[in-house]
$ cat entry.cif   # mmCIF, C-alpha atoms and all ligand atoms
data_target
loop_
_atom_site.group_PDB
_atom_site.id
_atom_site.type_symbol
_atom_site.label_atom_id
_atom_site.label_comp_id
_atom_site.auth_asym_id
_atom_site.auth_seq_id
_atom_site.Cartn_x
_atom_site.Cartn_y
_atom_site.Cartn_z
ATOM 1 C CA MET A 251 -24.751 5.781 33.473
ATOM 2 C CA ASP A 252 -22.086 4.004 35.535
ATOM 3 C CA SER A 253 -23.865 0.702 35.095
ATOM 4 C CA LEU A 254 -24.188 1.257 31.342
ATOM 5 C CA ASN A 255 -20.500 2.027 31.075
ATOM 6 C CA ASP A 256 -19.770 -1.127 33.081
ATOM 7 C CA LEU A 257 -21.985 -3.080 30.682
ATOM 8 C CA ILE A 258 -20.016 -1.796 27.689
ATOM 9 C CA ALA A 259 -16.739 -2.729 29.399
ATOM 10 C CA TYR A 260 -17.837 -6.204 30.557
ATOM 11 C CA LEU A 261 -19.211 -7.029 27.121
ATOM 12 C CA GLU A 262 -16.094 -5.560 25.470
ATOM 13 C CA ILE A 263 -18.203 -3.773 22.866
ATOM 14 C CA GLU A 264 -15.941 -2.311 20.221
ATOM 15 C CA GLN A 265 -16.160 -0.355 16.986
ATOM 16 C CA ASP A 266 -18.036 -2.248 14.242
ATOM 17 C CA ASP A 267 -19.289 -4.942 16.635
ATOM 18 C CA LYS A 268 -22.884 -5.956 15.994
ATOM 19 C CA VAL A 269 -25.073 -5.578 19.062
ATOM 20 C CA LEU A 270 -28.723 -6.545 19.558
ATOM 21 C CA ASP A 271 -30.711 -4.641 22.201
ATOM 22 C CA LEU A 272 -33.760 -6.709 23.177
ATOM 23 C CA GLY A 273 -36.610 -4.493 24.345
ATOM 24 C CA CYS A 274 -34.854 -1.264 23.395
ATOM 25 C CA GLY A 275 -37.826 1.016 24.127
ATOM 26 C CA ALA A 276 -37.291 4.399 22.474
ATOM 27 C CA GLY A 277 -33.674 3.472 21.779
ATOM 28 C CA GLY A 278 -31.779 5.915 23.986
ATOM 29 C CA ILE A 279 -29.509 3.226 25.424
ATOM 30 C CA ALA A 280 -28.849 1.644 22.016
ATOM 31 C CA GLU A 281 -27.868 5.076 20.725
ATOM 32 C CA TYR A 282 -25.621 5.761 23.711
ATOM 33 C CA ILE A 283 -23.813 2.437 23.272
ATOM 34 C CA SER A 284 -23.298 3.088 19.579
ATOM 35 C CA ASP A 285 -22.129 6.678 20.165
ATOM 36 C CA GLU A 286 -19.667 5.532 22.830
ATOM 37 C CA THR A 287 -18.232 2.548 20.979
ATOM 38 C CA GLY A 288 -18.932 2.894 17.255
ATOM 39 C CA ALA A 289 -20.755 -0.441 17.339
ATOM 40 C CA HIS A 290 -23.705 -1.182 15.049
ATOM 41 C CA VAL A 291 -26.704 -1.565 17.327
ATOM 42 C CA THR A 292 -30.031 -3.093 16.358
ATOM 43 C CA GLY A 293 -32.817 -2.262 18.766
ATOM 44 C CA LEU A 294 -35.852 -4.542 18.898
ATOM 45 C CA ASP A 295 -39.082 -3.767 20.725
ATOM 46 C CA ASN A 296 -42.644 -4.956 20.349
ATOM 47 C CA ALA A 297 -44.018 -1.430 20.871
ATOM 48 C CA ALA A 298 -44.409 0.143 17.422
ATOM 49 C CA SER A 299 -44.634 3.646 18.876
ATOM 50 C CA ALA A 300 -41.290 3.214 20.674
ATOM 51 C CA ILE A 301 -39.651 2.020 17.443
ATOM 52 C CA ASP A 302 -41.074 5.031 15.570
ATOM 53 C CA VAL A 303 -39.604 7.427 18.132
ATOM 54 C CA ALA A 304 -36.238 5.663 18.017
ATOM 55 C CA MET A 305 -36.149 5.714 14.196
ATOM 56 C CA ASP A 306 -37.102 9.393 14.000
ATOM 57 C CA ARG A 307 -34.523 10.451 16.570
ATOM 58 C CA SER A 308 -31.615 8.494 15.116
ATOM 59 C CA GLY A 309 -32.146 9.148 11.399
ATOM 60 C CA ASN A 310 -28.722 10.693 10.952
ATOM 61 C CA LYS A 311 -27.016 7.607 12.417
ATOM 62 C CA ARG A 312 -28.665 4.968 10.243
ATOM 63 C CA ASP A 313 -25.271 3.530 9.251
ATOM 64 C CA ARG A 314 -24.802 2.228 12.806
ATOM 65 C CA LEU A 315 -28.277 2.255 14.368
ATOM 66 C CA THR A 316 -31.392 0.428 13.311
ATOM 67 C CA PHE A 317 -34.650 -0.278 15.089
ATOM 68 C CA VAL A 318 -37.154 -3.018 14.355
ATOM 69 C CA GLN A 319 -40.504 -3.953 15.771
ATOM 70 C CA GLY A 320 -40.448 -7.558 16.956
ATOM 71 C CA ASP A 321 -41.152 -9.989 19.759
ATOM 72 C CA MET A 322 -38.423 -11.304 22.048
ATOM 73 C CA ASN A 323 -40.343 -14.574 22.105
ATOM 74 C CA ALA A 324 -40.080 -15.060 18.343
ATOM 75 C CA LEU A 325 -36.623 -13.880 17.282
ATOM 76 C CA GLU A 326 -36.039 -14.117 13.564
ATOM 77 C CA PHE A 327 -32.352 -13.219 13.195
ATOM 78 C CA PRO A 328 -29.933 -15.783 11.747
ATOM 79 C CA GLU A 329 -27.732 -17.783 14.136
ATOM 80 C CA HIS A 330 -24.449 -16.162 15.140
ATOM 81 C CA SER A 331 -25.424 -12.735 13.803
ATOM 82 C CA PHE A 332 -24.378 -10.618 16.796
ATOM 83 C CA ASP A 333 -21.206 -10.102 18.818
ATOM 84 C CA GLN A 334 -23.215 -9.058 21.851
ATOM 85 C CA VAL A 335 -26.864 -9.177 22.872
ATOM 86 C CA ILE A 336 -28.268 -7.099 25.724
ATOM 87 C CA SER A 337 -31.504 -7.413 27.656
ATOM 88 C CA LEU A 338 -31.871 -4.487 30.027
ATOM 89 C CA ASP A 339 -34.897 -4.950 32.254
ATOM 90 C CA THR A 340 -36.752 -6.860 29.583
ATOM 91 C CA ILE A 341 -36.199 -10.566 30.265
ATOM 92 C CA TYR A 342 -39.238 -10.471 32.572
ATOM 93 C CA TRP A 343 -41.481 -10.577 29.515
ATOM 94 C CA VAL A 344 -40.260 -13.794 27.942
ATOM 95 C CA ALA A 345 -42.803 -16.583 27.894
ATOM 96 C CA ASP A 346 -40.326 -19.270 28.992
ATOM 97 C CA ILE A 347 -36.934 -18.300 30.387
ATOM 98 C CA ASP A 348 -35.138 -21.519 29.318
ATOM 99 C CA GLU A 349 -36.446 -21.346 25.751
ATOM 100 C CA ALA A 350 -35.786 -17.615 25.496
ATOM 101 C CA LEU A 351 -32.187 -17.895 26.694
ATOM 102 C CA ALA A 352 -31.546 -20.781 24.307
ATOM 103 C CA SER A 353 -32.846 -18.790 21.337
ATOM 104 C CA ILE A 354 -30.954 -15.648 22.383
ATOM 105 C CA VAL A 355 -27.656 -17.477 22.839
ATOM 106 C CA ARG A 356 -28.005 -18.939 19.339
ATOM 107 C CA LEU A 357 -27.899 -15.435 17.914
ATOM 108 C CA ILE A 358 -24.474 -14.733 19.404
ATOM 109 C CA LYS A 359 -21.222 -15.472 17.621
ATOM 110 C CA PRO A 360 -18.841 -17.906 19.363
ATOM 111 C CA GLY A 361 -16.805 -15.883 21.844
ATOM 112 C CA GLY A 362 -19.510 -13.209 22.021
ATOM 113 C CA ARG A 363 -21.424 -12.189 25.126
ATOM 114 C CA LEU A 364 -24.893 -11.620 26.515
ATOM 115 C CA GLY A 365 -25.641 -8.964 29.152
ATOM 116 C CA ILE A 366 -28.824 -9.185 31.224
ATOM 117 C CA PHE A 367 -29.870 -6.627 33.813
ATOM 118 C CA ILE A 368 -32.620 -7.689 36.187
ATOM 119 C CA ALA A 369 -34.208 -6.346 39.317
ATOM 120 C CA ASN A 370 -35.288 -9.239 41.468
ATOM 121 C CA THR A 371 -38.212 -8.782 43.836
ATOM 122 C CA PRO A 372 -40.194 -11.338 45.832
ATOM 123 C CA GLN A 373 -42.973 -10.792 43.303
ATOM 124 C CA MET A 374 -40.687 -12.185 40.623
ATOM 125 C CA ASP A 375 -39.083 -14.953 42.626
ATOM 126 C CA ASP A 376 -39.954 -15.750 46.210
ATOM 127 C CA SER A 377 -37.577 -18.668 46.638
ATOM 128 C CA PRO A 378 -35.243 -18.314 49.644
ATOM 129 C CA SER A 379 -32.166 -18.384 47.398
ATOM 130 C CA ALA A 380 -33.494 -15.702 45.026
ATOM 131 C CA CYS A 381 -31.556 -12.948 46.781
ATOM 132 C CA GLU A 382 -28.287 -14.656 45.931
ATOM 133 C CA PRO A 383 -26.622 -13.700 42.634
ATOM 134 C CA ARG A 384 -26.655 -17.324 41.498
ATOM 135 C CA GLY A 385 -30.070 -18.092 42.965
ATOM 136 C CA THR A 386 -32.387 -15.937 40.870
ATOM 137 C CA TRP A 387 -34.701 -17.431 38.247
ATOM 138 C CA VAL A 388 -32.407 -16.102 35.511
ATOM 139 C CA ALA A 389 -29.231 -17.450 37.127
ATOM 140 C CA LYS A 390 -30.870 -20.822 37.688
ATOM 141 C CA SER A 391 -31.810 -21.054 34.029
ATOM 142 C CA LEU A 392 -28.302 -20.044 32.895
ATOM 143 C CA THR A 393 -26.831 -22.679 35.203
ATOM 144 C CA LYS A 394 -29.259 -25.339 33.996
ATOM 145 C CA MET A 395 -28.158 -24.618 30.429
ATOM 146 C CA GLY A 396 -24.520 -25.037 31.391
ATOM 147 C CA LEU A 397 -23.661 -21.473 30.394
ATOM 148 C CA ASP A 398 -20.615 -19.765 31.818
ATOM 149 C CA PHE A 399 -21.552 -16.450 33.454
ATOM 150 C CA ASP A 400 -20.545 -13.787 35.971
ATOM 151 C CA ALA A 401 -22.969 -11.939 38.207
ATOM 152 C CA HIS A 402 -22.409 -8.311 39.195
ATOM 153 C CA ASP A 403 -24.376 -6.843 42.075
ATOM 154 C CA TYR A 404 -25.943 -3.374 41.612
ATOM 155 C CA THR A 405 -28.270 -3.589 44.616
ATOM 156 C CA GLU A 406 -26.619 -0.759 46.543
ATOM 157 C CA SER A 407 -27.217 1.891 43.888
ATOM 158 C CA PHE A 408 -30.650 0.447 43.078
ATOM 159 C CA LEU A 409 -31.761 0.926 46.684
ATOM 160 C CA LEU A 410 -31.028 4.642 46.294
ATOM 161 C CA PHE A 411 -32.728 4.785 42.896
ATOM 162 C CA TRP A 412 -36.340 3.939 43.747
ATOM 163 C CA PRO A 413 -36.961 6.504 46.547
ATOM 164 C CA LYS A 414 -35.381 9.130 44.277
ATOM 165 C CA MET A 415 -37.470 7.952 41.320
ATOM 166 C CA LYS A 416 -40.670 8.265 43.341
ATOM 167 C CA GLU A 417 -39.752 11.764 44.490
ATOM 168 C CA VAL A 418 -39.021 12.942 40.935
ATOM 169 C CA VAL A 419 -42.171 11.347 39.519
ATOM 170 C CA MET A 420 -44.285 13.062 42.198
ATOM 171 C CA ASP A 421 -42.633 16.417 41.438
ATOM 172 C CA LEU A 422 -43.561 15.931 37.778
ATOM 173 C CA TYR A 423 -47.185 14.962 38.376
ATOM 174 C CA ASP A 424 -48.610 18.126 36.751
ATOM 175 C CA ASP A 425 -46.475 17.541 33.652
ATOM 176 C CA PHE A 426 -47.682 13.943 33.316
ATOM 177 C CA VAL A 427 -51.287 15.163 33.486
ATOM 178 C CA ALA A 428 -50.655 18.018 31.022
ATOM 179 C CA GLU A 429 -49.223 15.515 28.533
ATOM 180 C CA GLY A 430 -52.166 13.157 29.005
ATOM 181 C CA ASN A 431 -49.758 10.599 30.505
ATOM 182 C CA GLU A 432 -51.261 10.143 33.943
ATOM 183 C CA VAL A 433 -51.302 6.404 33.261
ATOM 184 C CA ILE A 434 -47.475 6.434 33.207
ATOM 185 C CA PHE A 435 -47.435 8.346 36.504
ATOM 186 C CA ASP A 436 -49.772 5.728 37.999
ATOM 187 C CA SER A 437 -47.604 2.897 36.734
ATOM 188 C CA PHE A 438 -44.420 4.362 38.280
ATOM 189 C CA MET A 439 -46.198 4.890 41.596
ATOM 190 C CA LEU A 440 -47.599 1.368 41.564
ATOM 191 C CA ASP A 441 -44.156 -0.095 40.866
ATOM 192 C CA ALA A 442 -42.658 1.981 43.666
ATOM 193 C CA ASP A 443 -45.332 1.427 46.289
ATOM 194 C CA GLU A 444 -46.315 -2.163 45.648
ATOM 195 C CA ASP A 445 -43.110 -3.688 44.418
ATOM 196 C CA TYR A 446 -39.720 -2.035 44.749
ATOM 197 C CA LEU A 447 -40.018 -0.030 47.969
ATOM 198 C CA PRO A 448 -41.638 -2.805 50.063
ATOM 199 C CA ALA A 449 -39.082 -5.288 48.701
ATOM 200 C CA ALA A 450 -36.268 -2.886 49.623
ATOM 201 C CA GLU A 451 -37.703 -2.414 53.099
ATOM 202 C CA ALA A 452 -37.917 -6.171 53.571
ATOM 203 C CA GLY A 453 -34.267 -6.465 52.529
ATOM 204 C CA LYS A 454 -35.249 -8.547 49.510
ATOM 205 C CA LEU A 455 -34.651 -6.209 46.592
ATOM 206 C CA ARG A 456 -31.690 -7.119 44.409
ATOM 207 C CA ARG A 457 -30.290 -5.889 41.134
ATOM 208 C CA TYR A 458 -27.897 -8.002 39.127
ATOM 209 C CA LEU A 459 -26.086 -7.781 35.830
ATOM 210 C CA TYR A 460 -25.357 -11.169 34.327
ATOM 211 C CA ILE A 461 -22.568 -11.388 31.779
ATOM 212 C CA VAL A 462 -22.866 -14.633 29.863
ATOM 213 C CA ASN A 463 -20.152 -16.061 27.618
ATOM 214 C CA ALA A 464 -21.626 -17.547 24.468
ATOM 215 C CA PRO A 465 -20.478 -21.125 23.982
ATOM 216 C CA ASP A 466 -18.141 -21.984 21.117
ATOM 217 C CA ASP A 467 -20.393 -24.794 20.007
ATOM 218 C CA LEU A 468 -24.147 -24.890 20.041
ATOM 219 C CA GLU A 469 -26.029 -28.128 20.351
HETATM 220 C C1 LIG B 501 -38.725 -1.637 31.297
HETATM 221 S S1 LIG B 501 -38.639 -1.282 29.588
HETATM 222 C C2 LIG B 501 -36.882 -1.313 29.368
HETATM 223 C C3 LIG B 501 -36.446 -0.489 28.199
HETATM 224 C C4 LIG B 501 -34.937 -0.374 27.997
HETATM 225 N N1 LIG B 501 -34.311 -1.668 27.751
HETATM 226 C C5 LIG B 501 -34.295 0.294 29.181
HETATM 227 O O1 LIG B 501 -33.528 -0.352 29.909
HETATM 228 O O2 LIG B 501 -34.565 1.484 29.404
HETATM 229 C C6 LIG B 501 -39.166 -2.803 28.832
HETATM 230 C C7 LIG B 501 -39.247 -2.762 27.335
HETATM 231 O O3 LIG B 501 -39.449 -4.087 26.850
HETATM 232 C C8 LIG B 501 -40.393 -4.038 25.786
HETATM 233 N N2 LIG B 501 -41.012 -5.368 25.664
HETATM 234 C C9 LIG B 501 -41.867 -5.978 26.508
HETATM 235 N N3 LIG B 501 -42.200 -7.199 26.051
HETATM 236 C C10 LIG B 501 -41.538 -7.374 24.878
HETATM 237 C C11 LIG B 501 -41.479 -8.437 23.913
HETATM 238 N N4 LIG B 501 -42.171 -9.574 24.093
HETATM 239 N N5 LIG B 501 -40.708 -8.278 22.835
HETATM 240 C C12 LIG B 501 -39.991 -7.144 22.647
HETATM 241 N N6 LIG B 501 -40.012 -6.087 23.516
HETATM 242 C C13 LIG B 501 -40.771 -6.205 24.625
HETATM 243 C C14 LIG B 501 -41.361 -2.935 26.193
HETATM 244 O O4 LIG B 501 -42.082 -2.434 25.087
HETATM 245 C C15 LIG B 501 -40.402 -1.910 26.804
HETATM 246 O O5 LIG B 501 -39.901 -1.017 25.837
#

$ encode --input "entry.cif" --output "structure tokens" --more "lines below"
Ligand SMILES: C[S@@+](CC[C@H](N)C(=O)[O-])C[C@H]1O[C@@H](n2cnc3c(N)ncnc32)[C@H](O)[C@@H]1O
Amino acid sequence: MDSLNDLIAYLEIEQDDKVLDLGCGAGGIAEYISDETGAHVTGLDNAASAIDVAMDRSGNKRDRLTFVQGDMNALEFPEHSFDQVISLDTIYWVADIDEALASIVRLIKPGGRLGIFIANTPQMDDSPSACEPRGTWVAKSLTKMGLDFDAHDYTESFLLFWPKMKEVVMDLYDDFVAEGNEVIFDSFMLDADEDYLPAAEAGKLRRYLYIVNAPDDLE
């Protein structure tokens, strides 16, 4: 929650701002941001079931919350339609990071901002500089595009998160099975055991929030 509140502050999200949440899942974060700020948040996700859940849950807030099924790789919103765009642990799924960032930035009004949370592991980027805030694959692409951005380091809290996550998921094993969701249990365990925990142990796990200032002029 601290990192979400930081995100709201860094992006300066205010009442009646228009925010796009790329890869919103079931929309809990979009709803939180809208509840906290009064902003109009559009959540986009390619999972129809997630969009259905988000729509059902937020029906009484339709004046400031909407959810659409769509692909981050084929964004169809008009240029300059949002004050802020957020991508929270979703940028991993773009087909081409340079192209994706260019099309995302086009959606933002001049003076608006983009917030990107990523966890960087050797699996994602094994280059020696990838541990540095300005050395990750996302930072390199932002730099290449000449975009002005700040990087905020959330590694310390993230290192505490994954062992705790694994413990909680294991405690809930029977519930996952009872719900027929063992596949989700397996996916959490795989992430923990094969990705995040070994990367943390090797001192290579990083978590960054990039705050990007949309340019005044787009080429
Ligand atoms: C790790 S979850 C993050 C969800 C949410 N942003 C959060 O922080 O809790 C990744 C989300 O991205 C969505 N996603 C993956 N590829 C996508 C794509 N090409 N277009 C839109 N959404 C996508 C998934 O369906 C999933 O809901």

$ closest_residue --input "entry.cif" --among "A:Ser331, A:Thr340, A:Asn310, A:Asn431" --to "ligand LIG 501 (chain B)" --atoms "all atoms listed in the file"
A:Thr340

$ residues_near_ligand --input "entry.cif" --ligand "ligand LIG 501 (chain B)" --cutoff "9 Å" --atoms "only C-alpha atoms and all ligand atoms" --output "ChimeraX atom specification"
/A:271-280,294-298,300-301,319-325,336-345,367

$ atom_distance --input "entry.cif" --atom1 "atom CA of Met415 of chain A" --atom2 "atom CA of Ser437 of chain A"
12.2 Å

$ atom_distance --input "entry.cif" --atom1 "atom CA of Tyr404 of chain A" --atom2 "atom CA of Asn370 of chain A"
11.0 Å

$ atom_distance --input "entry.cif" --atom1 "atom CA of Val269 of chain A" --atom2 "atom CA of Asp403 of chain A"
23.1 Å

$ closest_residue --input "entry.cif" --among "A:Gly288, A:Pro360, A:Gly293, A:Pro328" --to "Leu270 of chain A" --atoms "all atoms listed in the file"
A:Gly293

$ closest_residue --input "entry.cif" --among "A:Arg312, A:Leu459, A:Gln265, A:Asp256" --to "His402 of chain A" --atoms "only C-alpha atoms"
A:Leu459

$ resolve_selection --input "entry.cif" --expression "the PyMOL selection byres (((chain A and resi 445) around 12) and not hetatm)" --output "PyMOL selection string"
chain A and resi 369-374+412+437-444+446-452+454-456

$ residues_around --input "entry.cif" --residues "Asp398 of chain A" --least-positions-apart "5" --cutoff "10 Å" --atoms "only C-alpha atoms" --output "list in words"
Leu392, Thr393, Ile461, Val462, Asn463, Ala464 and Pro465 of chain A

$ residues_around --input "entry.cif" --residues "Gly362 of chain A" --least-positions-apart "4" --cutoff "6 Å" --atoms "only C-alpha atoms" --output "number ranges by chain"
A: 333-334, 358, 464

$ axis_aligned_box --input "entry.cif" --around "segment 283-298 of chain A" --padding-each-side "8 Å" --output "AutoDock Vina command-line options"
--center_x -31.3 --center_y 0.9 --center_z 19.2 --size_x 42.2 --size_y 27.6 --size_z 24.2
